[in-house]
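One file, upload_9.cif, is given below (mmCIF, C-alpha atoms).
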```
data_input
#
loop_
_atom_site.label_atom_id
_atom_site.label_comp_id
_atom_site.auth_asym_id
_atom_site.auth_seq_id
_atom_site.Cartn_x
_atom_site.Cartn_y
_atom_site.Cartn_z
CA MET A 30 1.72 135.44 98.33
CA VAL A 31 5.23 136.49 97.42
CA VAL A 32 6.97 138.78 99.89
CA ARG A 33 9.69 141.27 99.11
CA GLY A 34 10.81 143.72 101.78
CA THR A 35 8.92 143.66 105.05
CA TYR A 36 5.46 142.29 105.61
CA GLN A 37 3.66 142.38 108.95
CA ASP A 38 0.09 141.36 109.67
CA VAL A 39 -2.18 140.75 112.65
CA PHE A 40 -4.97 138.20 112.34
CA LEU A 41 -7.94 137.75 114.62
CA CYS A 42 -8.85 134.14 113.98
CA GLU A 43 -12.50 133.27 113.55
CA GLY A 44 -12.73 130.16 111.42
CA ASP A 45 -10.52 128.45 108.87
CA MET A 46 -7.48 130.09 107.32
CA GLN A 47 -4.92 128.94 104.84
CA LEU A 48 -1.92 131.18 104.26
CA VAL A 49 1.25 130.69 102.23
CA TYR A 50 4.13 133.14 102.03
CA ASP A 51 7.05 132.74 99.67
CA GLN A 52 9.86 134.95 100.84
CA GLU A 53 12.36 136.45 98.46
CA ALA A 54 15.93 137.27 99.48
CA GLY A 55 16.24 139.57 102.49
CA SER A 56 12.51 139.75 103.17
CA ILE A 57 10.92 139.86 106.61
CA VAL A 58 7.58 138.32 107.52
CA ARG A 59 6.07 138.92 110.96
CA LEU A 60 2.68 137.39 111.65
CA PHE A 61 0.54 137.63 114.75
CA PHE A 62 -2.41 135.34 115.30
CA PHE A 63 -4.92 135.80 118.07
CA ALA A 64 -7.53 133.12 118.59
CA ILE A 65 -9.83 134.38 121.32
CA ASP A 66 -13.15 132.72 122.00
CA ALA A 67 -15.22 131.56 124.94
CA GLY A 68 -18.05 129.96 122.98
CA ASP A 69 -17.99 127.03 120.61
CA ARG A 70 -16.00 128.36 117.69
CA GLU A 71 -13.76 125.96 115.78
CA MET A 72 -10.64 127.36 114.17
CA HIS A 73 -8.25 125.62 111.81
CA ILE A 74 -5.29 127.70 110.78
CA ASN A 75 -2.52 126.68 108.44
CA VAL A 76 0.40 128.99 107.82
CA GLU A 77 3.34 128.17 105.65
CA CYS A 78 6.38 130.35 105.14
CA ASN A 79 8.95 129.38 102.55
CA GLN A 80 12.29 131.09 102.67
CA ILE A 81 13.21 130.86 99.02
CA GLY A 82 15.80 133.65 98.98
CA THR A 83 18.74 133.96 101.33
CA GLY A 84 18.89 136.13 104.47
CA CYS A 85 15.14 136.07 105.24
CA LYS A 86 13.46 136.50 108.61
CA THR A 87 10.22 134.85 109.65
CA GLU A 88 8.38 135.37 112.91
CA ILE A 89 5.07 133.68 113.73
CA TYR A 90 3.38 134.54 117.02
CA THR A 91 0.32 132.53 118.00
CA LEU A 92 -1.80 133.29 121.02
CA ALA A 93 -4.91 131.25 121.73
CA TYR A 94 -7.09 132.19 124.67
CA LEU A 95 -9.98 129.77 124.66
CA GLY A 96 -12.89 128.93 126.91
CA GLY A 97 -16.27 127.24 126.57
CA LYS A 98 -16.13 124.48 124.01
CA SER A 99 -13.99 126.33 121.53
CA LYS A 100 -11.26 124.64 119.58
CA CYS A 101 -8.18 125.87 117.79
CA GLU A 102 -5.92 123.80 115.59
CA PHE A 103 -2.91 125.74 114.50
CA ALA A 104 -0.22 124.58 112.10
CA ALA A 105 2.81 126.77 111.47
CA HIS A 106 5.32 125.47 108.97
CA ILE A 107 8.55 127.22 108.12
CA ASN A 108 10.72 125.92 105.32
CA HIS A 109 14.29 127.14 105.17
CA LYS A 110 15.09 126.20 101.60
CA VAL A 111 18.28 128.25 101.48
CA GLY A 112 20.85 129.52 103.97
CA GLY A 113 21.41 132.60 106.08
CA GLY A 114 17.85 132.87 107.34
CA GLU A 115 16.26 133.30 110.74
CA SER A 116 12.94 132.07 112.05
CA LYS A 117 10.95 132.24 115.23
CA GLN A 118 7.75 130.43 116.16
CA ILE A 119 6.34 131.53 119.49
CA SER A 120 3.03 130.09 120.63
CA ARG A 121 1.01 130.33 123.83
CA PHE A 122 -2.27 128.53 124.46
CA VAL A 123 -4.40 129.41 127.48
CA LEU A 124 -7.25 126.94 127.82
CA LYS A 125 -10.22 127.14 130.15
CA ASP A 126 -13.43 125.14 130.59
CA ASN A 127 -13.69 122.47 127.88
CA ALA A 128 -11.49 124.20 125.32
CA THR A 129 -9.18 122.19 123.08
CA GLY A 130 -5.95 123.26 121.47
CA PHE A 131 -3.65 121.67 118.96
CA TYR A 132 -0.35 123.14 117.90
CA ASP A 133 1.61 121.70 115.04
CA GLY A 134 4.87 123.55 114.66
CA GLN A 135 7.26 122.49 111.97
CA VAL A 136 10.62 123.83 110.93
CA ILE A 137 12.49 122.26 108.05
CA LEU A 138 16.08 123.15 107.27
CA ALA A 139 16.98 121.83 103.82
CA SER A 140 20.45 120.44 103.15
CA ASN A 141 21.70 123.72 101.68
CA ALA A 142 20.10 125.88 104.38
CA GLN A 143 23.38 126.58 106.17
CA ARG A 144 23.90 129.26 108.83
CA VAL A 145 20.23 129.32 109.78
CA ASP A 146 19.01 130.37 113.22
CA ALA A 147 15.68 128.74 114.05
CA LEU A 148 13.73 128.93 117.29
CA GLN A 149 10.49 127.20 118.14
CA ASN A 150 8.91 127.77 121.53
CA ASN A 151 5.50 126.54 122.66
CA ARG A 152 3.97 126.90 126.12
CA ASN A 153 0.49 126.02 127.27
CA LEU A 154 -1.51 126.84 130.34
CA LEU A 155 -4.40 124.63 131.35
CA LEU A 156 -6.81 126.45 133.64
CA SER A 157 -9.34 123.66 133.95
CA ASP A 158 -9.26 119.89 134.35
CA ASN A 159 -11.35 119.48 131.23
CA ALA A 160 -9.21 121.58 128.91
CA GLN A 161 -7.06 119.62 126.48
CA MET A 162 -3.88 120.43 124.62
CA ARG A 163 -2.12 118.39 121.98
CA ILE A 164 1.17 119.38 120.44
CA ARG A 165 3.35 118.19 117.63
CA PRO A 166 6.61 120.10 117.51
CA THR A 167 8.91 119.05 114.68
CA LEU A 168 12.33 120.13 113.70
CA GLU A 169 13.85 118.54 110.61
CA ILE A 170 17.45 119.43 109.98
CA TYR A 171 19.33 118.36 106.88
CA ALA A 172 22.06 121.02 107.02
CA ASP A 173 25.02 120.84 109.42
CA ASP A 174 26.01 124.43 110.16
CA VAL A 175 22.85 125.69 111.88
CA LYS A 176 21.52 126.84 115.21
CA ALA A 177 18.12 125.41 115.99
CA SER A 178 16.26 125.04 119.26
CA HIS A 179 12.81 124.03 120.30
CA GLY A 180 11.02 123.76 123.58
CA THR A 181 7.53 123.05 124.80
CA SER A 182 5.78 122.87 128.15
CA THR A 183 2.25 122.46 129.43
CA GLY A 184 1.18 123.19 132.97
CA GLN A 185 -0.98 125.06 135.44
CA LEU A 186 -0.60 128.36 137.25
CA ASN A 187 2.07 128.38 139.93
CA GLU A 188 0.20 128.09 143.24
CA GLU A 189 3.27 129.23 145.19
CA ALA A 190 3.32 132.46 143.21
CA ILE A 191 -0.40 132.98 143.80
CA LEU A 192 0.08 132.51 147.55
CA TYR A 193 3.01 134.93 147.56
CA MET A 194 0.91 137.57 145.79
CA ARG A 195 -2.05 137.01 148.13
CA GLN A 196 0.30 137.42 151.10
CA ARG A 197 1.06 140.89 149.76
CA GLY A 198 -2.66 141.72 149.63
CA ILE A 199 -3.51 140.86 146.02
CA SER A 200 -6.71 138.83 145.62
CA ARG A 201 -6.53 135.34 144.13
CA GLU A 202 -8.56 136.48 141.14
CA GLN A 203 -6.26 139.42 140.45
CA ALA A 204 -3.13 137.29 141.01
CA GLU A 205 -4.35 134.72 138.47
CA LYS A 206 -5.11 137.47 135.97
CA MET A 207 -1.63 138.94 136.37
CA LEU A 208 0.04 135.55 135.96
CA VAL A 209 -2.00 134.71 132.85
CA GLU A 210 -1.16 138.07 131.29
CA ALA A 211 2.51 137.55 132.09
CA PHE A 212 2.32 134.15 130.44
CA MET A 213 0.85 135.63 127.25
CA ALA A 214 3.24 138.60 127.09
CA GLU A 215 5.73 137.05 124.69
CA CYS A 216 3.02 136.92 122.03
CA ILE A 217 1.69 140.42 122.75
CA THR A 218 4.64 142.71 123.50
CA PRO A 219 6.32 142.09 120.09
CA LEU A 220 3.34 143.95 118.60
CA GLY A 221 5.15 147.09 119.73
CA ASN A 222 2.30 149.57 119.37
CA GLU A 223 0.90 149.96 122.89
CA LYS A 224 -2.63 150.73 121.80
CA ARG A 225 -2.76 147.54 119.82
CA GLN A 226 -1.44 145.56 122.82
CA GLU A 227 -4.15 147.13 124.97
CA ASP A 228 -6.82 146.22 122.38
CA ILE A 229 -5.80 142.57 122.47
CA LEU A 230 -5.76 142.49 126.28
CA ARG A 231 -9.18 144.13 126.34
CA MET A 232 -10.57 141.44 124.04
CA ILE A 233 -9.16 138.77 126.32
CA ARG A 234 -10.46 140.37 129.49
CA SER A 235 -14.02 140.74 128.18
CA MET B 15 -2.21 144.04 168.51
CA LEU B 16 -1.72 140.27 168.21
CA GLU B 17 -3.08 137.76 170.72
CA ILE B 18 -2.27 134.11 170.14
CA ARG B 19 -4.05 131.74 172.52
CA ASN B 20 -3.31 128.02 172.78
CA LEU B 21 -2.62 127.71 169.05
CA HIS B 22 -2.32 124.20 167.68
CA ALA B 23 -1.63 123.54 164.01
CA SER B 24 -0.72 120.52 161.94
CA ILE B 25 0.43 119.62 158.47
CA GLU B 26 -0.38 116.29 156.85
CA GLY B 27 -1.66 114.98 160.18
CA LYS B 28 1.49 115.91 162.08
CA GLU B 29 1.01 118.42 164.87
CA ILE B 30 3.71 121.10 164.66
CA LEU B 31 2.36 123.83 166.92
CA GLN B 32 1.27 122.46 170.26
CA GLY B 33 -0.22 125.30 172.22
CA ILE B 34 1.41 128.64 171.43
CA ASN B 35 0.58 131.64 173.61
CA LEU B 36 1.97 135.01 172.60
CA THR B 37 0.92 138.64 172.93
CA ILE B 38 2.48 141.40 170.84
CA ARG B 39 1.67 145.05 171.48
CA GLU B 40 2.20 148.17 169.38
CA GLY B 41 5.78 149.37 169.31
CA GLU B 42 7.30 146.03 170.33
CA ILE B 43 9.91 143.88 168.65
CA HIS B 44 9.80 140.17 169.46
CA ALA B 45 12.28 137.51 168.44
CA ILE B 46 11.54 133.83 168.22
CA MET B 47 14.53 131.52 168.37
CA GLY B 48 14.79 127.80 168.64
CA PRO B 49 16.32 124.65 167.18
CA ASN B 50 15.56 123.35 163.70
CA GLY B 51 12.12 121.81 163.40
CA ALA B 52 10.78 123.61 166.48
CA GLY B 53 7.90 125.13 164.49
CA LYS B 54 9.22 128.69 164.04
CA SER B 55 8.47 128.98 160.33
CA THR B 56 5.20 127.09 160.79
CA LEU B 57 4.05 129.79 163.18
CA GLY B 58 4.71 132.47 160.55
CA ALA B 59 3.02 130.44 157.82
CA VAL B 60 -0.05 129.74 159.97
CA LEU B 61 -0.41 133.43 160.86
CA ALA B 62 -0.16 134.40 157.19
CA GLY B 63 -2.80 131.82 156.22
CA HIS B 64 -0.78 129.23 154.34
CA PRO B 65 -3.38 126.69 153.10
CA SER B 66 -1.18 123.64 153.78
CA TYR B 67 -1.52 124.06 157.55
CA LEU B 68 -4.60 123.14 159.52
CA VAL B 69 -5.37 124.97 162.74
CA THR B 70 -6.83 122.39 165.11
CA GLN B 71 -7.22 124.45 168.29
CA GLY B 72 -6.84 127.92 169.70
CA SER B 73 -7.44 131.47 168.52
CA VAL B 74 -5.57 134.43 167.05
CA THR B 75 -6.88 137.95 167.39
CA PHE B 76 -5.25 140.63 165.25
CA ARG B 77 -6.19 144.25 165.91
CA GLY B 78 -9.44 143.10 167.47
CA LYS B 79 -10.45 140.75 164.64
CA ASP B 80 -10.42 136.98 164.29
CA LEU B 81 -7.39 136.42 162.09
CA LEU B 82 -7.88 132.73 161.42
CA ASN B 83 -11.13 133.23 159.52
CA MET B 84 -9.57 135.54 156.95
CA PRO B 85 -8.09 134.52 153.58
CA PRO B 86 -4.38 135.42 153.16
CA GLU B 87 -5.04 138.58 151.12
CA GLN B 88 -7.36 139.96 153.79
CA ARG B 89 -4.78 139.30 156.51
CA ALA B 90 -2.29 141.29 154.42
CA ARG B 91 -4.74 144.14 153.91
CA GLU B 92 -5.44 144.20 157.64
CA GLY B 93 -1.73 144.89 158.07
CA LEU B 94 0.01 141.55 158.50
CA PHE B 95 3.16 140.98 156.49
CA LEU B 96 5.19 137.78 156.26
CA SER B 97 8.58 137.78 154.60
CA PHE B 98 9.21 134.51 152.82
CA GLN B 99 12.28 132.46 153.58
CA TYR B 100 12.35 131.51 149.90
CA PRO B 101 10.73 134.35 147.95
CA VAL B 102 8.95 133.09 144.82
CA GLU B 103 10.11 134.14 141.35
CA ILE B 104 7.29 135.48 139.19
CA PRO B 105 8.50 135.81 135.58
CA GLY B 106 6.71 138.43 133.50
CA VAL B 107 5.19 140.34 136.45
CA SER B 108 7.20 143.52 136.97
CA MET B 109 8.00 144.82 140.44
CA VAL B 110 6.21 148.08 139.68
CA ASN B 111 3.02 146.37 138.51
CA PHE B 112 3.10 143.91 141.41
CA LEU B 113 3.62 146.52 144.10
CA ARG B 114 1.24 149.10 142.66
CA THR B 115 -1.49 146.45 142.67
CA ALA B 116 -0.67 145.38 146.23
CA VAL B 117 -0.40 148.92 147.62
CA ASN B 118 -3.56 150.17 145.94
CA ASP B 119 -5.61 147.07 146.81
CA LYS B 120 -4.70 147.67 150.43
CA ARG B 121 -5.59 151.36 150.18
CA LYS B 122 -8.92 150.48 148.62
CA TYR B 123 -9.62 148.04 151.47
CA GLU B 124 -8.84 150.80 153.97
CA GLY B 125 -11.16 153.18 152.14
CA SER B 126 -8.43 155.54 150.87
CA THR B 127 -7.90 156.65 147.29
CA PRO B 128 -5.28 154.90 145.15
CA LEU B 129 -1.84 156.53 144.88
CA SER B 130 -1.24 158.42 141.65
CA ALA B 131 1.51 157.11 139.37
CA THR B 132 3.79 159.98 140.43
CA GLN B 133 3.21 159.50 144.15
CA PHE B 134 3.70 155.78 143.80
CA LEU B 135 6.99 156.09 141.88
CA LYS B 136 8.26 158.64 144.39
CA GLU B 137 7.45 156.24 147.20
CA MET B 138 9.25 153.44 145.36
CA ARG B 139 12.32 155.60 144.79
CA GLU B 140 12.57 156.52 148.47
CA LYS B 141 12.21 152.95 149.64
CA LYS B 142 14.72 151.71 147.06
CA GLN B 143 17.25 154.15 148.48
CA LEU B 144 16.53 152.93 151.98
CA LEU B 145 17.33 149.36 150.94
CA GLU B 146 20.19 150.41 148.64
CA MET B 147 18.52 148.79 145.65
CA ALA B 148 19.27 149.54 142.02
CA ASP B 149 17.09 151.94 140.07
CA LYS B 150 16.29 149.42 137.39
CA LEU B 151 14.35 147.32 139.91
CA ASN B 152 10.96 148.70 138.78
CA ASN B 153 10.88 146.83 135.49
CA ARG B 154 12.48 143.61 136.65
CA SER B 155 10.21 140.62 137.14
CA VAL B 156 9.45 139.88 140.79
CA ASN B 157 12.46 138.05 142.29
CA GLU B 158 13.43 136.58 138.91
CA GLY B 159 17.18 136.15 138.67
CA PHE B 160 17.71 137.96 141.99
CA SER B 161 20.63 136.79 144.11
CA GLY B 162 19.88 135.44 147.58
CA GLY B 163 20.76 138.78 149.13
CA GLU B 164 18.66 140.74 146.64
CA LYS B 165 15.66 138.54 147.37
CA LYS B 166 15.93 139.27 151.10
CA LYS B 167 16.33 142.99 150.47
CA ASN B 168 13.34 142.83 148.17
CA GLU B 169 11.21 141.34 150.95
CA ILE B 170 12.09 144.23 153.25
CA PHE B 171 11.60 146.69 150.40
CA GLN B 172 8.07 145.36 149.92
CA MET B 173 7.48 145.62 153.66
CA ALA B 174 8.61 149.25 153.55
CA MET B 175 6.18 149.92 150.67
CA LEU B 176 3.22 148.18 152.33
CA GLN B 177 3.82 149.62 155.83
CA PRO B 178 2.25 146.74 157.73
CA ALA B 179 1.09 146.96 161.36
CA LEU B 180 2.83 143.66 162.09
CA ALA B 181 5.80 142.32 160.13
CA ILE B 182 6.75 138.69 160.64
CA LEU B 183 10.27 138.34 159.31
CA ASP B 184 11.23 134.73 158.76
CA GLU B 185 15.01 134.24 158.71
CA ILE B 186 15.73 137.45 156.86
CA ASP B 187 19.35 137.02 157.95
CA SER B 188 19.92 133.62 156.35
CA GLY B 189 22.38 133.68 153.48
CA LEU B 190 23.27 137.36 153.93
CA ASP B 191 26.79 138.69 154.08
CA ILE B 192 27.54 141.27 156.75
CA ASP B 193 26.97 144.30 154.48
CA ALA B 194 23.63 143.05 153.21
CA LEU B 195 22.62 142.17 156.77
CA ARG B 196 23.33 145.74 157.85
CA VAL B 197 21.23 147.15 154.97
CA VAL B 198 18.33 144.81 155.71
CA ALA B 199 18.47 145.59 159.44
CA ASN B 200 18.63 149.34 158.78
CA GLY B 201 15.54 148.99 156.60
CA VAL B 202 13.65 147.16 159.34
CA ASN B 203 14.72 149.68 161.99
CA ALA B 204 13.80 152.66 159.80
CA CYS B 205 10.27 151.29 159.36
CA HIS B 206 9.75 150.58 163.04
CA THR B 207 7.51 153.04 164.89
CA LYS B 208 5.59 153.10 168.16
CA ASP B 209 2.47 152.08 166.23
CA ASN B 210 3.73 148.94 164.52
CA ALA B 211 5.35 145.73 165.65
CA CYS B 212 7.78 143.14 164.43
CA LEU B 213 8.21 139.42 165.00
CA LEU B 214 11.65 138.16 164.02
CA ILE B 215 12.21 134.49 163.43
CA THR B 216 15.89 133.63 163.53
CA HIS B 217 18.47 130.97 164.30
CA TYR B 218 21.21 133.36 165.18
CA GLN B 219 21.83 136.00 167.78
CA ARG B 220 23.82 138.01 165.19
CA LEU B 221 20.67 139.57 163.68
CA LEU B 222 19.61 140.76 167.12
CA ASP B 223 22.75 142.89 167.43
CA TYR B 224 21.31 144.95 164.59
CA ILE B 225 17.61 144.76 165.35
CA VAL B 226 17.28 144.85 169.11
CA PRO B 227 14.26 142.96 170.42
CA ASP B 228 12.20 143.79 173.49
CA TYR B 229 11.43 140.12 174.05
CA VAL B 230 13.13 136.89 173.07
CA HIS B 231 11.12 133.65 173.04
CA VAL B 232 12.47 130.15 172.70
CA LEU B 233 10.29 127.80 170.69
CA ALA B 234 10.84 124.07 171.05
CA ASN B 235 8.57 121.19 170.10
CA GLY B 236 5.80 123.54 169.08
CA ARG B 237 5.69 125.50 172.33
CA ILE B 238 7.27 128.60 173.78
CA ILE B 239 9.37 127.22 176.60
CA LYS B 240 11.14 130.36 177.74
CA THR B 241 10.74 134.12 177.38
CA GLY B 242 13.24 136.78 178.33
CA GLY B 243 14.79 140.08 177.32
CA LYS B 244 17.48 140.60 174.70
CA GLU B 245 20.12 139.08 177.02
CA LEU B 246 18.43 135.69 176.57
CA ALA B 247 19.66 135.64 172.96
CA HIS B 248 23.26 136.00 174.13
CA GLU B 249 22.80 133.24 176.65
CA LEU B 250 21.43 130.95 173.92
CA GLU B 251 24.36 131.80 171.68
CA GLU B 252 26.78 130.70 174.41
CA ARG B 253 24.99 127.72 175.84
CA GLY B 254 22.79 126.42 173.01
CA TYR B 255 19.27 125.13 173.61
CA GLU B 256 20.13 122.00 175.56
CA TRP B 257 20.15 123.54 179.05
CA LEU B 258 16.55 124.72 178.79
#
```
Mind turning the file's structure into structure tokens?
Amino acid sequence: MVVRGTYQDVFLCEGDMQLVYDQEAGSIVRLFFFAIDAGDREMHINVECNQIGTGCKTEIYTLAYLGGKSKCEFAAHINHKVGGGESKQISRFVLKDNATGFYDGQVILASNAQRVDALQNNRNLLLSDNAQMRIRPTLEIYADDVKASHGTSTGQLNEEAILYMRQRGISREQAEKMLVEAFMAECITPLGNEKRQEDILRMIRS
Amino acid sequence: MLEIRNLHASIEGKEILQGINLTIREGEIHAIMGPNGAGKSTLGAVLAGHPSYLVTQGSVTFRGKDLLNMPPEQRAREGLFLSFQYPVEIPGVSMVNFLRTAVNDKRKYEGSTPLSATQFLKEMREKKQLLEMADKLNNRSVNEGFSGGEKKKNEIFQMAMLQPALAILDEIDSGLDIDALRVVANGVNACHTKDNACLLITHYQRLLDYIVPDYVHVLANGRIIKTGGKELAHELEERGYEWL
């Protein structure tokens, strides 16, 4: 679809999705994806945002909270075809049991996409030995006057933090829950609307 | 309140505590001093239930209950507090959320009703003033980006909020300038009553000018080798540990 002005949407992922946004000058696209499943659902999501006009903003937030045998493959591609734009890709995968995640984040800055500010940040939390995460972060830069950064990390809960919390009287279970929710916050708080944030947390807790 | 009998504990097969005996009663302040590697911090960690240490012998009774059989959170809820030498940073967990959970979990364990949001915030405000901490503390992540001094103050602030029966304070003076030391010591003294007790672990006599102990113990090679009054700390400051 073609976007003029501001477009924001929240998606609860269930199966396969294919989305393309062509952004005209000065437009803003903010997309939130929540992939929450503890069964055996398979999700393949492809999102592409093309900044065709100058001065666009694109934000893609992806939160996957998966258990059981569920699987989520998520590809987020942002093409800065012209200059003066901004983009943000924030993704968090929390994987339990035998869940599998794949994140393919791509940002392309074309040769005339000068003065672009692009950020790609992916973090993953593995809560079981059998959970698997694969990532493919790509940043292709053909322009020279840009600011672009990307980072990724995959790990477990911080046992030192859990012990510290338990020493203050918080149960292990509660400590883990608080740490997981803190980990996911960067994909939930930008929703703004507190009721909506609560709804997402409720879905995750159940 | 606390009875430690012949406590032996090891880590990775190495025995650190080699028969500790110590009794702490309500209203008392004890200080444990001793050279590096004597086992001072190990004693605190073992009492708090750190999973890396293995108790191989002995017993610890805390307010009439067997402490060593309890998980760390139950020890805390029973009223045992350990300040960490290196407090852990917990990004994304706010101080207010962290402490409200801790305080109310303890209240629930004791069979009392949780504090209302208003009561809790009032309590936080009072204790922040006591420790001369900034107002914006509530929404900061636990210890994240705190300076060394702020982290130590934050430990005592949490102690003040949780009101433990026994506070084990592990080197709360390390890395503090003289002003911060005074604030931390004032906080500890303000919380001390005839019903609670405090075990200070320290290298330096300086702290004991501010928090005056009833007993000073010297720990060396995993054992308490000497016990005395507060004057023992001065003697150690002058003569070191070699003469013992």
>> Using the chain letters and numbers from this file, what does the PyMOL selection byres ((chain A and resi 176) around 8) select? Give the answer as a VMD selection string.
In response: chain A and resid 144 to 147 174 to 175 177 to 178
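With distances taken over all atoms listed in the file, A:Gln118 is the one residue among A:Thr129, A:Gln52, A:Gln226, A:Gln118 lying closest to Pro166 (chain A).
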>> Which residues are close to Tyr229 (chain B), i.e. within 10 Å by only C-alpha atoms, leaving aside same-chain residues fewer than 2 positions away? Reply as an MDAnalysis selection string.
In response: chainID B and resid 38 42:46 213 226:227 231 241:247
>> Rounded to one decimal, what separation in Å do you get between CA of Met109 (chain B) and CA of Asn168 (chain B)?
In response: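 One can read the CA of Met109 (chain B) to CA of Asn168 (chain B) distance as 9.6 Å.
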> Taking all atoms listed in the file into account, which residues of chain A are within 10 Å of chain B, as an MDAnalysis selection string?
Replying inline: chainID A and resid 187 189:201 203:204 207:215
> Neighbours of Asp38 (chain A) within 9 Å (only C-alpha atoms; same-chain residues fewer than 3 positions away dropped), as number ranges by chain?
Replying inline: A: 58-62
>> Starting from the PyMOL selection byres ((chain A and resi 92-99) around 7), expand the selection into actual residues of this file and give them as an NGL selection string.
In response: :A and (62-71 or 90-91 or 100-101 or 120-129 or 216)
> Got a sec: who's within 8 Å of Gly44 (chain A), counting only C-alpha atoms, leaving out chain neighbours fewer than 2 positions off, as JSON, numbers by chain?
Replying inline: {"A": [42, 46, 70, 71, 72, 73, 74]}
>> Show me, as a ChimeraX atom specification, the residues that have an atom within 8 Å of region 77-81 of chain B when counting only C-alpha atoms, minus same-chain residues fewer than 5 positions from it.
In response: /B:15-16,61,89
> If you measure from CA of Asp184 (chain B) to CA of Gly58 (chain B), what distance in Å do you get, rounded to one decimal?
Replying inline: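 Distance reported for this atom pair: 7.1 Å.
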>> Applying 7 Å and only C-alpha atoms, which residues near His109 (chain A) remain after dropping the ones on its own chain fewer than 2 positions away? List them as a count of residues only.
In response: 8
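CA of Asn151 (chain A) is found 8.5 Å from CA of Thr183 (chain A).
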>> My list of candidates is B:Gln71, B:Ser24, B:Thr37, B:Ser130. Which is closest to Gly53 (chain B) when distances are computed with all atoms listed in the file?
In response: B:Ser24
